[in-house]
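Q: One structure, pasted below without further comment.
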Amino acid sequence: MSENCETFWRAVNPTSELDSDMPTAVGLHGCAQMQNTLVRESDRVLEGERELIAEILAGNHELYYELIAPLERRVYYTAYAILRTEADAEEVSQEAILKAFRGLRTFRGEAKFSTWLLSIVANEGRMRLRKRREVSLELLKSPDNEGEYTPIELAEWREIAVEALAQKELAARLEEAVAALPEIYREVLILRDIDELNIAETSAALEISVPAVKTRLLRARLMVRDYFVSRSWARHLASGKAQL
Amino acid sequence: MITLSCEEVRREISNYLDDDMSPRMRRLLEVHLEQCRKCAVLLDSTHNVLVLLADERRFELPAGFSLRVRQMLAKEFEKAKAD
C-alpha cells in the first residue's frame, strides 16, 4: 500500500484495521489498488460471517453473541436516531436482535449480516414510531418540500480531525444535527451514512425508490452539514480555538 | 468547453461523494471545483461532517445494554433448545 493509500484509509476509517466495511468516500480516492484491497477484505468478512451463521444454525446458538457484539453500537444508535428515546431505542434494539436470530435461516448471505440486521432495526424503529405518533405511512413517505435546498456559504473550512470526537461536546453537536433533520431525511442519512448501507439497500430498507433516496440524501447531507457548521464549528472559531 | 454552474455542482455533491456519476460529469465537476472556492469548501465540509458522523466512537451504549441483550438471548436460546 502506498503512503497515499494509507493516508486515505486512515482519513476515512480511523479506528479500524483493513477489515471493516468499504467507506462512504472511497470514490474520492479513486485508487484501484485500494479498492481491490477493500473488496478482498469485504469478501473475507462475508466468508467468516457465513461460517459463523452456519454454526449458529447447526445449534451452536451462543455464537450469535459473537455475530452481534460488534454491531451493538450501530444497532442501538440506529434505533435511537429514529426514535429519540433511550427506552424505546433499547426495546427496539432487543426486538430486532431477537427477530434476526429467529429469522437467521431466511438470511440469504448475499449482503452482509450487518446490512440485514440494521435494515430490521430501521424497519422496527419506523413501525414503533408510526404507532407512537399515529402517523400514517403515506404521510411519512410524502415528498413534501423536497425541492431545491441552498446550503449555507462558508468563506473557508478548516478540517475537523476525527480525534476531536473524543470531545463530548463535538459528539453532542453531531447528535443534535442528526436529530434536527426532518424524519424522511434523517432515516436516509442514518442508513446510508452512519450504517453504511448502499443506495440500493437503503432504498429496499425504506421501501422508497432509488431516485427518492438520492434526492433525500443530498438534502440530508447538506442540512446536517449546515446545522453542524453553523452551531458547532462557528462557535469553536468564535471562542478563539485555533484547532478542534 | 461546457461548464457547470454552482447550482448544478450543489445538486451533484452527494452523487460525487458516493462516486455515483459518469466520468464526464466527474471531470466537469472537478474542473469547477478547481476554480470555485465556495463549492470546494462546500464539498470539503460536507465530506468531513459525514466522516465524523460515521465514526463509531461517538455512539455510547447505555450502561448494561450488552448484558441485557445477552440475558434476553439466553432465554431465547433455552427456548430454542427446548423446541
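For the C-alpha cells, the naming scheme is as follows: chains receive sequential letters (A, B, ...) according to their order of presentation, residues are indexed from 1 within each chain, and ligands are indexed from 1 in presentation order.
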Give me, as an MDAnalysis selection string, the contact residues of chain B against chain A at a cut-off of 7 Å, counting only C-alpha atoms.

A: chainID B and resid 14 17:19 38 41 45:46 48:54 58:61 69 77

Q: Write a file of the just-selected residues containing C-alpha atoms, as a PDB file, in the first residue's frame.

A:
```
ATOM      1  CA  SER B  14     -23.967  13.882  -2.909  1.00  0.00           C
ATOM      2  CA  LEU B  17     -19.293  11.731  -2.586  1.00  0.00           C
ATOM      3  CA  ASP B  18     -20.822   8.362  -3.476  1.00  0.00           C
ATOM      4  CA  ASP B  19     -18.800   8.120  -6.693  1.00  0.00           C
ATOM      5  CA  LYS B  38     -17.138  28.223  -2.426  1.00  0.00           C
ATOM      6  CA  VAL B  41     -15.425  24.449   0.690  1.00  0.00           C
ATOM      7  CA  SER B  45     -17.054  20.480   4.814  1.00  0.00           C
ATOM      8  CA  THR B  46     -19.849  18.088   3.825  1.00  0.00           C
ATOM      9  CA  ASN B  48     -15.725  15.940   6.701  1.00  0.00           C
ATOM     10  CA  VAL B  49     -19.020  16.046   8.581  1.00  0.00           C
ATOM     11  CA  LEU B  50     -20.020  12.703   7.019  1.00  0.00           C
ATOM     12  CA  VAL B  51     -16.718  11.100   8.042  1.00  0.00           C
ATOM     13  CA  LEU B  52     -17.266  12.327  11.602  1.00  0.00           C
ATOM     14  CA  LEU B  53     -20.870  11.079  11.570  1.00  0.00           C
ATOM     15  CA  ALA B  54     -19.835   7.555  10.611  1.00  0.00           C
ATOM     16  CA  ARG B  58     -19.390   8.909  19.169  1.00  0.00           C
ATOM     17  CA  PHE B  59     -22.022   6.241  19.867  1.00  0.00           C
ATOM     18  CA  GLU B  60     -22.434   5.431  23.517  1.00  0.00           C
ATOM     19  CA  LEU B  61     -24.375   2.422  24.712  1.00  0.00           C
ATOM     20  CA  VAL B  69     -29.131  -8.264  25.358  1.00  0.00           C
ATOM     21  CA  PHE B  77     -31.621 -19.964  23.292  1.00  0.00           C
TER      22      PHE B  77
END
```

Q: If we count only C-alpha atoms, what is near Glu8 of chain B at a cut-off of 12 Å, once residues fewer than 2 positions away on the same chain are taken out, given as a PyMOL selection string?

A: (chain A and resi 148-150) or (chain B and resi 3-6+10-16+25+28-29+32-33+39)

Q: Limited to C-alpha atoms, could you put the picked residues into a file as a CSV table (one decimal), in the first residue's frame?

A:
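That gives us part-v8.csv:
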```csv
chain,number,residue,atom,x,y,z
A,148,GLU,CA,-34.1,22.8,-4.1
A,149,TYR,CA,-32.0,23.3,-1.0
A,150,THR,CA,-29.5,26.1,-0.7
B,3,THR,CA,-19.0,24.3,-17.6
B,4,LEU,CA,-21.2,23.6,-14.6
B,5,SER,CA,-22.9,26.3,-12.6
B,6,CYS,CA,-22.5,26.4,-8.8
B,10,ARG,CA,-24.5,21.5,-5.5
B,11,ARG,CA,-27.1,19.2,-6.9
B,12,GLU,CA,-24.3,16.6,-7.7
B,13,ILE,CA,-22.3,16.9,-4.4
B,14,SER,CA,-24.0,13.9,-2.9
B,15,ASN,CA,-23.5,11.7,-6.0
B,16,TYR,CA,-19.9,12.9,-6.2
B,25,MET,CA,-19.7,14.6,-15.1
B,28,LEU,CA,-16.8,18.7,-15.3
B,29,LEU,CA,-17.4,18.9,-11.6
B,32,HIS,CA,-15.5,23.6,-11.5
B,33,LEU,CA,-14.1,22.7,-8.0
B,39,CYS,CA,-18.1,24.9,-4.0
```
